[in-house]
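*Asks:* Structure file final08.cif, mmCIF, C-alpha atoms, is pasted below:
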```cif
data_upload
#
loop_
_atom_site.label_atom_id
_atom_site.label_comp_id
_atom_site.auth_asym_id
_atom_site.auth_seq_id
_atom_site.Cartn_x
_atom_site.Cartn_y
_atom_site.Cartn_z
CA MET A 1 -26.72 151.09 105.96
CA ARG A 2 -23.29 149.48 105.62
CA ILE A 3 -22.42 147.88 102.27
CA ALA A 4 -19.35 145.82 101.41
CA PHE A 5 -18.38 144.84 97.87
CA ILE A 6 -16.27 141.72 97.52
CA GLY A 7 -14.34 142.85 94.47
CA ALA A 8 -13.69 146.34 93.08
CA GLY A 9 -13.52 145.32 89.42
CA GLY A 10 -16.02 146.10 86.68
CA VAL A 11 -19.28 145.61 88.56
CA GLY A 12 -18.03 146.38 92.06
CA GLY A 13 -16.03 149.39 90.94
CA TYR A 14 -18.87 150.92 88.93
CA PHE A 15 -21.76 150.43 91.35
CA GLY A 16 -19.75 150.61 94.57
CA GLY A 17 -17.69 153.56 93.38
CA ASN A 18 -20.75 155.61 92.51
CA LEU A 19 -22.43 154.74 95.80
CA ALA A 20 -19.30 155.85 97.67
CA LYS A 21 -19.14 159.03 95.57
CA ALA A 22 -22.70 159.84 96.72
CA GLY A 23 -21.73 159.40 100.36
CA ALA A 24 -22.96 155.87 101.06
CA ASP A 25 -21.14 153.77 103.68
CA VAL A 26 -19.27 151.48 101.27
CA SER A 27 -16.19 149.31 101.75
CA PHE A 28 -14.33 147.15 99.23
CA VAL A 29 -12.45 143.89 99.62
CA ALA A 30 -9.86 143.76 96.84
CA ARG A 31 -6.37 142.42 96.28
CA GLY A 32 -3.14 142.70 94.36
CA ALA A 33 -2.12 145.59 92.12
CA HIS A 34 -5.73 146.80 91.86
CA LEU A 35 -5.97 147.22 95.63
CA ALA A 36 -2.54 148.87 95.83
CA ALA A 37 -3.51 151.39 93.14
CA ILE A 38 -6.84 152.19 94.80
CA ARG A 39 -5.07 152.82 98.09
CA GLU A 40 -2.43 155.01 96.45
CA ARG A 41 -4.44 156.95 93.88
CA GLY A 42 -8.11 156.24 94.60
CA LEU A 43 -10.71 154.46 92.48
CA THR A 44 -11.39 155.74 88.97
CA VAL A 45 -14.36 154.75 86.83
CA GLU A 46 -14.16 155.85 83.20
CA SER A 47 -17.79 156.03 82.14
CA PRO A 48 -19.90 158.11 79.75
CA VAL A 49 -22.80 158.08 82.22
CA ALA A 50 -21.41 157.80 85.76
CA PRO A 51 -17.71 158.64 86.00
CA VAL A 52 -15.72 158.53 89.22
CA ALA A 53 -12.41 160.37 89.38
CA ALA A 54 -9.66 159.15 91.72
CA LEU A 55 -12.10 158.73 94.62
CA ARG A 56 -10.63 157.81 97.97
CA VAL A 57 -12.54 154.75 99.18
CA ARG A 58 -12.19 152.22 101.99
CA ALA A 59 -10.45 149.21 100.49
CA THR A 60 -8.72 146.28 102.15
CA ASP A 61 -7.73 142.67 101.66
CA ARG A 62 -8.76 141.79 105.23
CA ALA A 63 -12.54 141.51 105.70
CA GLU A 64 -12.15 141.34 109.47
CA THR A 65 -11.10 145.01 109.49
CA ILE A 66 -14.55 145.86 108.10
CA GLY A 67 -16.63 143.48 110.19
CA PRO A 68 -20.30 142.54 109.71
CA VAL A 69 -22.30 144.76 107.34
CA ASP A 70 -25.94 144.98 106.28
CA LEU A 71 -25.36 143.97 102.67
CA VAL A 72 -22.49 142.09 101.02
CA VAL A 73 -22.40 142.38 97.22
CA VAL A 74 -20.29 139.54 95.80
CA THR A 75 -18.76 140.36 92.41
CA ALA A 76 -16.17 137.55 92.20
CA LYS A 77 -15.99 135.45 89.06
CA LEU A 78 -17.89 132.16 89.18
CA TRP A 79 -14.80 129.97 89.53
CA ASP A 80 -13.84 131.96 92.63
CA LEU A 81 -17.32 132.57 94.04
CA GLU A 82 -17.60 130.06 96.86
CA GLY A 83 -14.00 130.61 97.91
CA ALA A 84 -14.48 134.39 97.95
CA VAL A 85 -17.56 134.13 100.16
CA ARG A 86 -15.86 131.70 102.57
CA ALA A 87 -12.76 133.88 102.76
CA ASN A 88 -14.83 136.93 103.70
CA LEU A 89 -17.30 135.49 106.20
CA ALA A 90 -16.16 138.17 108.64
CA LEU A 91 -18.50 140.49 106.70
CA VAL A 92 -21.52 138.29 107.46
CA GLY A 93 -23.40 138.78 110.72
CA PRO A 94 -26.78 137.42 111.91
CA GLU A 95 -28.73 140.06 109.93
CA THR A 96 -26.50 140.30 106.84
CA THR A 97 -27.84 139.69 103.33
CA VAL A 98 -25.42 138.42 100.68
CA LEU A 99 -26.27 139.57 97.16
CA THR A 100 -24.98 137.53 94.21
CA VAL A 101 -24.47 139.39 90.92
CA GLN A 102 -22.68 136.69 88.94
CA ASN A 103 -23.39 135.53 85.42
CA GLY A 104 -25.39 132.37 84.79
CA VAL A 105 -28.13 130.88 86.96
CA GLU A 106 -26.15 128.74 89.40
CA ALA A 107 -24.59 131.43 91.63
CA PRO A 108 -27.52 131.71 94.09
CA GLY A 109 -27.25 128.01 94.91
CA MET A 110 -23.48 128.27 95.28
CA VAL A 111 -23.75 131.19 97.71
CA SER A 112 -26.66 129.77 99.71
CA GLY A 113 -24.58 126.62 100.19
CA VAL A 114 -22.11 128.76 102.14
CA VAL A 115 -24.26 131.31 104.01
CA GLY A 116 -27.73 129.73 103.85
CA ALA A 117 -30.76 130.46 101.67
CA GLU A 118 -32.20 132.85 104.26
CA ARG A 119 -29.23 135.21 103.76
CA THR A 120 -28.99 134.94 99.97
CA ALA A 121 -30.47 137.48 97.56
CA VAL A 122 -30.08 137.69 93.80
CA GLY A 123 -28.82 140.50 91.60
CA VAL A 124 -28.77 140.68 87.82
CA CYS A 125 -26.39 143.15 86.12
CA HIS A 126 -26.47 144.43 82.57
CA ILE A 127 -23.24 146.33 82.07
CA ALA A 128 -20.11 146.10 79.94
CA THR A 129 -16.98 146.90 81.93
CA THR A 130 -13.35 145.95 82.10
CA ILE A 131 -10.37 146.83 84.28
CA ALA A 132 -8.38 149.25 82.14
CA GLY A 133 -5.45 149.18 84.55
CA PRO A 134 -4.78 148.98 88.28
CA GLY A 135 -7.30 151.19 90.05
CA VAL A 136 -9.16 152.04 86.84
CA VAL A 137 -12.50 150.55 85.74
CA ARG A 138 -13.69 151.27 82.20
CA HIS A 139 -17.42 151.23 81.41
CA THR A 140 -18.05 150.74 77.69
CA GLY A 141 -21.36 151.83 76.22
CA THR A 142 -24.20 153.35 78.23
CA MET A 143 -25.96 150.22 79.52
CA ALA A 144 -25.57 149.97 83.30
CA ARG A 145 -28.47 148.35 85.11
CA MET A 146 -28.82 146.17 88.19
CA THR A 147 -31.99 144.37 89.26
CA VAL A 148 -32.23 142.80 92.71
CA GLY A 149 -34.71 140.64 94.56
CA ASP A 150 -35.39 137.81 96.94
CA PRO A 151 -35.35 134.46 95.09
CA ASP A 152 -38.69 133.52 96.69
CA GLY A 153 -40.27 136.95 96.29
CA ARG A 154 -40.22 137.72 100.02
CA PRO A 155 -39.88 141.31 101.27
CA ARG A 156 -36.33 142.29 102.23
CA PRO A 157 -36.01 145.77 103.77
CA VAL A 158 -32.25 145.73 103.17
CA LEU A 159 -32.84 145.46 99.42
CA ASP A 160 -35.31 148.36 99.56
CA ALA A 161 -32.65 150.42 101.36
CA TYR A 162 -30.00 149.42 98.81
CA VAL A 163 -32.23 150.41 95.88
CA ALA A 164 -32.98 153.76 97.52
CA ALA A 165 -29.27 154.44 98.12
CA ALA A 166 -28.37 153.45 94.56
CA ARG A 167 -31.05 155.64 93.03
CA GLY A 168 -29.88 158.48 95.22
CA ALA A 169 -26.47 157.96 93.64
CA GLY A 170 -27.95 158.20 90.15
CA LEU A 171 -27.67 154.47 89.47
CA ASP A 172 -30.21 152.38 87.60
CA VAL A 173 -31.01 149.80 90.28
CA THR A 174 -34.51 148.33 90.67
CA LEU A 175 -36.31 145.74 92.77
CA ALA A 176 -37.90 142.80 90.91
CA ALA A 177 -40.92 140.84 92.09
CA ASP A 178 -39.72 137.78 90.12
CA ILE A 179 -35.92 137.92 90.15
CA ARG A 180 -35.63 134.31 88.97
CA ARG A 181 -37.27 135.24 85.66
CA THR A 182 -34.92 138.23 85.35
CA LEU A 183 -31.97 135.93 86.03
CA TRP A 184 -33.04 133.54 83.28
CA GLU A 185 -33.73 136.38 80.83
CA LYS A 186 -30.16 137.57 81.24
CA TYR A 187 -28.84 134.02 80.91
CA VAL A 188 -30.61 133.62 77.56
CA PHE A 189 -28.92 136.78 76.32
CA LEU A 190 -25.49 136.40 77.91
CA SER A 191 -24.95 132.73 77.10
CA ALA A 192 -25.36 133.57 73.41
CA LEU A 193 -23.35 136.81 73.56
CA SER A 194 -20.46 135.33 75.53
CA GLY A 195 -20.39 132.15 73.49
CA LEU A 196 -20.48 133.75 70.05
CA THR A 197 -18.15 136.67 70.76
CA ALA A 198 -15.58 134.35 72.36
CA LEU A 199 -15.91 131.69 69.68
CA THR A 200 -15.44 134.16 66.81
CA ARG A 201 -13.11 136.54 68.70
CA LEU A 202 -15.32 139.35 67.39
CA PRO A 203 -17.62 142.00 68.90
CA ILE A 204 -21.36 141.81 68.34
CA GLY A 205 -21.42 144.05 65.22
CA PRO A 206 -19.92 141.62 62.67
CA ILE A 207 -21.70 138.66 64.31
CA ARG A 208 -25.19 140.12 63.90
CA THR A 209 -24.42 141.39 60.38
CA ALA A 210 -23.20 138.14 58.79
CA PRO A 211 -26.24 135.90 58.09
CA ALA A 212 -24.51 132.69 59.20
CA THR A 213 -23.34 133.95 62.60
CA ARG A 214 -26.60 135.82 63.16
CA ALA A 215 -28.48 132.55 62.67
CA LEU A 216 -26.07 130.82 65.05
CA PHE A 217 -26.67 133.52 67.67
CA ALA A 218 -30.44 133.16 67.28
CA ALA A 219 -30.16 129.37 67.63
CA ALA A 220 -28.10 129.78 70.82
CA VAL A 221 -30.79 132.10 72.19
CA GLU A 222 -33.53 129.56 71.49
CA GLU A 223 -31.57 126.74 73.17
CA THR A 224 -31.22 128.68 76.43
CA ALA A 225 -34.82 129.91 76.23
CA ALA A 226 -36.01 126.31 75.98
CA LEU A 227 -33.91 125.46 79.05
CA ALA A 228 -35.36 128.46 80.91
CA ARG A 229 -38.93 127.36 80.22
CA ALA A 230 -38.13 123.78 81.25
CA SER A 231 -36.72 125.23 84.49
CA GLY A 232 -39.91 127.14 85.28
CA ALA A 233 -39.15 130.60 83.90
CA ALA A 234 -42.21 132.20 82.32
CA LEU A 235 -40.65 133.45 79.09
CA PRO A 236 -43.10 134.50 76.33
CA PRO A 237 -43.14 132.53 73.05
CA ASP A 238 -41.63 135.48 71.14
CA HIS A 239 -38.78 136.04 73.59
CA GLY A 240 -36.14 134.99 71.05
CA PRO A 241 -37.16 137.33 68.21
CA THR A 242 -37.67 140.18 70.68
CA LEU A 243 -34.18 139.61 72.07
CA MET A 244 -32.67 139.63 68.58
CA GLY A 245 -34.26 143.05 68.07
CA PHE A 246 -32.53 144.22 71.25
CA VAL A 247 -29.22 142.80 70.00
CA ASP A 248 -29.52 145.06 66.96
CA THR A 249 -29.49 148.12 69.25
CA LEU A 250 -26.21 147.22 71.00
CA PRO A 251 -22.99 149.14 70.21
CA ALA A 252 -21.24 147.33 67.36
CA GLY A 253 -18.02 147.08 69.35
CA MET A 254 -19.59 145.42 72.39
CA LYS A 255 -17.82 142.29 73.65
CA ALA A 256 -18.82 139.92 76.43
CA SER A 257 -16.53 139.79 79.46
CA MET A 258 -15.64 136.22 78.53
CA LEU A 259 -14.03 137.46 75.33
CA HIS A 260 -12.04 140.03 77.34
CA ASP A 261 -10.85 137.18 79.58
CA LEU A 262 -9.99 135.03 76.56
CA GLU A 263 -7.98 137.84 74.96
CA ARG A 264 -6.00 138.32 78.19
CA GLY A 265 -5.34 134.63 78.71
CA ASN A 266 -7.46 134.56 81.88
CA ARG A 267 -9.73 131.80 83.14
CA LEU A 268 -13.18 131.63 81.55
CA GLU A 269 -16.66 131.31 83.02
CA LEU A 270 -17.35 128.87 80.20
CA PRO A 271 -18.47 125.95 82.46
CA TRP A 272 -21.39 128.07 83.71
CA LEU A 273 -22.23 129.87 80.45
CA SER A 274 -22.34 127.79 77.23
CA GLY A 275 -21.04 124.83 79.23
CA GLY A 276 -23.80 125.36 81.77
CA VAL A 277 -26.49 125.50 79.09
CA ALA A 278 -25.21 122.24 77.58
CA ARG A 279 -24.95 120.51 80.98
CA LEU A 280 -28.29 121.69 82.42
CA SER A 281 -30.07 120.97 79.13
CA ALA A 282 -28.77 117.39 79.12
CA GLU A 283 -29.98 116.96 82.71
CA ARG A 284 -33.48 117.97 81.58
CA GLY A 285 -33.48 115.80 78.46
CA LEU A 286 -32.98 118.74 76.08
CA ASP A 287 -30.42 119.07 73.30
CA ALA A 288 -28.28 122.21 72.98
CA PRO A 289 -25.95 121.55 70.03
CA VAL A 290 -24.83 125.17 69.54
CA HIS A 291 -23.81 125.67 73.17
CA ARG A 292 -22.36 122.16 73.34
CA THR A 293 -20.14 122.95 70.34
CA ILE A 294 -19.10 126.34 71.76
CA ALA A 295 -18.20 124.70 75.08
CA ALA A 296 -16.14 122.04 73.31
CA ALA A 297 -14.35 124.52 71.02
CA LEU A 298 -13.37 126.80 73.92
CA ALA A 299 -12.61 124.01 76.42
CA PRO A 300 -8.78 124.26 75.99
CA PHE A 301 -8.98 127.89 77.17
CA THR A 302 -11.11 127.29 80.28
CA HIS A 303 -8.22 127.63 82.72
CA GLY A 304 -6.39 130.29 80.75
CA ALA A 305 -4.27 130.31 77.61
CA PRO A 306 -3.13 126.74 76.89
CA ALA A 307 0.55 125.96 76.61
CA VAL A 308 1.60 125.44 73.00
#
```
Could you render the structure as structure tokens?

*Replies:*
Amino acid sequence: MRIAFIGAGGVGGYFGGNLAKAGADVSFVARGAHLAAIRERGLTVESPVAPVAALRVRATDRAETIGPVDLVVVTAKLWDLEGAVRANLALVGPETTVLTVQNGVEAPGMVSGVVGAERTAVGVCHIATTIAGPGVVRHTGTMARMTVGDPDGRPRPVLDAYVAAARGAGLDVTLAADIRRTLWEKYVFLSALSGLTALTRLPIGPIRTAPATRALFAAAVEETAALARASGAALPPDHGPTLMGFVDTLPAGMKASMLHDLERGNRLELPWLSGGVARLSAERGLDAPVHRTIAAALAPFTHGAPAV
């Protein structure tokens, strides 16, 4: 089985690096200083659960040198997603499956618009990572899980093979019968986490401890849960309180990737996170005042640090 990761950053570096370490046939499409460092010194993943030390991997900025593979895992940020897939169509052959692992709930439609619904599969990642420096991915905490599936619940042997390879590499990767529900469950969590950590410029610890911001977080959760149910996701009535219990187990220093991007002056996935909740809720006749306010407050930073 041949696997290509578009991107060797947090998600691609962690999962792809550990697959390569275990001997899987993995290639990376990367660029810039990160690619140069990987070529010169190898890929390093600093992780308390699955470290990778200066591993020599196949990495290139020219997809045509890899050619068609069995599975393409797209880890590009949402603003670059469609462009990244189009730029790397040399990886996609007649039997290739393209796996989206982006945040939010709109990535599968964006990818299927490029390669077709029949080639699109969905992945949901729960992991906190950042690029610590060129060639170095840092995994913070111990949470590192990926769930994959066909959006219509159809069997896909390539996903079975990917799960088997990942488990053989010691990774927590599972196959879901209802990946759409899993996608929405993450969106409920991440839209609140990304929105509140970026808005306050704080990790989750102080947010969940202060009564006012804890209530705001819980309200953000309920807004996205209402949107999920209106969109057909079968979330239980107590999903919000159960999720808040899970939030209490997270490392106090945990930040969403959107806060990392904000701190570095990078572009934000805001239009698909809190902005997406506000937009999709309005389309369905729902109100989402918390996410609407977060989206408005962070709007000047959407394309990077604003000029002052």

*Asks:* Skipping near chain neighbours, those fewer than 3 positions away, what residues fall within 12 Å of region 302-307 of chain A using only C-alpha atoms, listed as number ranges by chain?

*Replies:* A: 79, 198, 258-275, 294-299

*Asks:* Would you save the residues from that selection as a compact mmCIF listing (two decimals), keeping the file's coordinate frame, using C-alpha atoms?

*Replies:*
```
# COMPACT_ATOMS: atom_id res chain seq x y z
CA TRP A 79 -14.80 129.97 89.53
CA ALA A 198 -15.58 134.35 72.36
CA MET A 258 -15.64 136.22 78.53
CA LEU A 259 -14.03 137.46 75.33
CA HIS A 260 -12.04 140.03 77.34
CA ASP A 261 -10.85 137.18 79.58
CA LEU A 262 -9.99 135.03 76.56
CA GLU A 263 -7.98 137.84 74.96
CA ARG A 264 -6.00 138.32 78.19
CA GLY A 265 -5.34 134.63 78.71
CA ASN A 266 -7.46 134.56 81.88
CA ARG A 267 -9.73 131.80 83.14
CA LEU A 268 -13.18 131.63 81.55
CA GLU A 269 -16.66 131.31 83.02
CA LEU A 270 -17.35 128.87 80.20
CA PRO A 271 -18.47 125.95 82.46
CA TRP A 272 -21.39 128.07 83.71
CA LEU A 273 -22.23 129.87 80.45
CA SER A 274 -22.34 127.79 77.23
CA GLY A 275 -21.04 124.83 79.23
CA ILE A 294 -19.10 126.34 71.76
CA ALA A 295 -18.20 124.70 75.08
CA ALA A 296 -16.14 122.04 73.31
CA ALA A 297 -14.35 124.52 71.02
CA LEU A 298 -13.37 126.80 73.92
CA ALA A 299 -12.61 124.01 76.42
```

*Asks:* Could you produce a table of the residues of region 53-89 of chain A lying within 12 Å of region 107-127 of chain A, with the nearest pair of atoms per residue and their separation in Å rounded to one decimal, using only C-alpha atoms, ordered by chain and increasing residue number, as JSON lines?

*Replies:*
```
{"residue": "A:Asp70", "atom": "CA", "partner": "A:Arg119", "partner_atom": "CA", "distance": 10.6}
{"residue": "A:Leu71", "atom": "CA", "partner": "A:Arg119", "partner_atom": "CA", "distance": 9.6}
{"residue": "A:Val72", "atom": "CA", "partner": "A:Thr120", "partner_atom": "CA", "distance": 9.7}
{"residue": "A:Val73", "atom": "CA", "partner": "A:Gly123", "partner_atom": "CA", "distance": 8.7}
{"residue": "A:Val74", "atom": "CA", "partner": "A:Val111", "partner_atom": "CA", "distance": 9.2}
{"residue": "A:Thr75", "atom": "CA", "partner": "A:Gly123", "partner_atom": "CA", "distance": 10.1}
{"residue": "A:Ala76", "atom": "CA", "partner": "A:Ala107", "partner_atom": "CA", "distance": 10.4}
{"residue": "A:Lys77", "atom": "CA", "partner": "A:Ala107", "partner_atom": "CA", "distance": 9.8}
{"residue": "A:Leu78", "atom": "CA", "partner": "A:Ala107", "partner_atom": "CA", "distance": 7.2}
{"residue": "A:Trp79", "atom": "CA", "partner": "A:Ala107", "partner_atom": "CA", "distance": 10.1}
{"residue": "A:Asp80", "atom": "CA", "partner": "A:Met110", "partner_atom": "CA", "distance": 10.7}
{"residue": "A:Leu81", "atom": "CA", "partner": "A:Val111", "partner_atom": "CA", "distance": 7.5}
{"residue": "A:Glu82", "atom": "CA", "partner": "A:Val111", "partner_atom": "CA", "distance": 6.3}
{"residue": "A:Gly83", "atom": "CA", "partner": "A:Val114", "partner_atom": "CA", "distance": 9.3}
{"residue": "A:Ala84", "atom": "CA", "partner": "A:Val111", "partner_atom": "CA", "distance": 9.8}
{"residue": "A:Val85", "atom": "CA", "partner": "A:Val111", "partner_atom": "CA", "distance": 7.3}
{"residue": "A:Arg86", "atom": "CA", "partner": "A:Val114", "partner_atom": "CA", "distance": 6.9}
{"residue": "A:Ala87", "atom": "CA", "partner": "A:Val114", "partner_atom": "CA", "distance": 10.7}
{"residue": "A:Asn88", "atom": "CA", "partner": "A:Val115", "partner_atom": "CA", "distance": 11.0}
{"residue": "A:Leu89", "atom": "CA", "partner": "A:Val115", "partner_atom": "CA", "distance": 8.4}
```

*Asks:* Which neighbours of Val52 (chain A) fall inside 7 Å, counting all atoms listed in the file, when residues of the same chain fewer than 5 positions from it are skipped, and could you give them as an MDAnalysis selection string?

*Replies:* chainID A and resid 17:18 44:46

*Asks:* Compile the contact shell of Ala220 (chain A) as a list in words: residues with an atom at most 10 Å away, counting only C-alpha atoms, same-chain residues fewer than 3 positions apart removed.

*Replies:*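 The filter keeps Val188, Phe189, Ser191, Ala192, Leu193, Gly195, Leu196, Arg214, Ala215, Leu216, Phe217, Glu223, Thr224, Ala225, Gly240, Ser274, Val277, Ala288, Pro289, Val290, His291, Arg292 and Ile294 of chain A.
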
*Asks:* Report the residues retrieved by the PyMOL selection byres ((chain A and resi 252) around 9) from the displayed file, expressed as a compact mmCIF listing (two decimals) with C-alpha atoms, in the coordinates of the input.

*Replies:*
```txt
# COMPACT_ATOMS: atom_id res chain seq x y z
CA PRO A 203 -17.62 142.00 68.90
CA ILE A 204 -21.36 141.81 68.34
CA GLY A 205 -21.42 144.05 65.22
CA PRO A 206 -19.92 141.62 62.67
CA ARG A 208 -25.19 140.12 63.90
CA ASP A 248 -29.52 145.06 66.96
CA THR A 249 -29.49 148.12 69.25
CA LEU A 250 -26.21 147.22 71.00
CA PRO A 251 -22.99 149.14 70.21
CA GLY A 253 -18.02 147.08 69.35
CA MET A 254 -19.59 145.42 72.39
CA LYS A 255 -17.82 142.29 73.65
```

*Asks:* Considering all atoms listed in the file, can you say which of A:Arg56, A:Arg181, A:Arg229, A:Arg145 comes closest to Arg167 (chain A)?

*Replies:*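 Closest residue, counting all atoms listed in the file: A:Arg145.
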
*Asks:* Hey, which of A:Gly104, A:Val136, A:Val98, A:Phe5 ends up closest to Ala54 (chain A)? Count only C-alpha atoms.

*Replies:*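 So, comparing all the options, the nearest one is A:Val136.
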
*Asks:* For the file shown, what are the residues hit by the PyMOL selection byres ((chain A and resi 31-33) around 12), laid out as a ChimeraX atom specification?

*Replies:* /A:6-9,28-30,34-41,59-63,76,84,131,133-136

*Asks:* One decimal, Å: what's the distance from CA of Thr130 (chain A) over to CA of Gly13 (chain A), could you say?

*Replies:*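 Those two atoms sit 9.9 Å apart.
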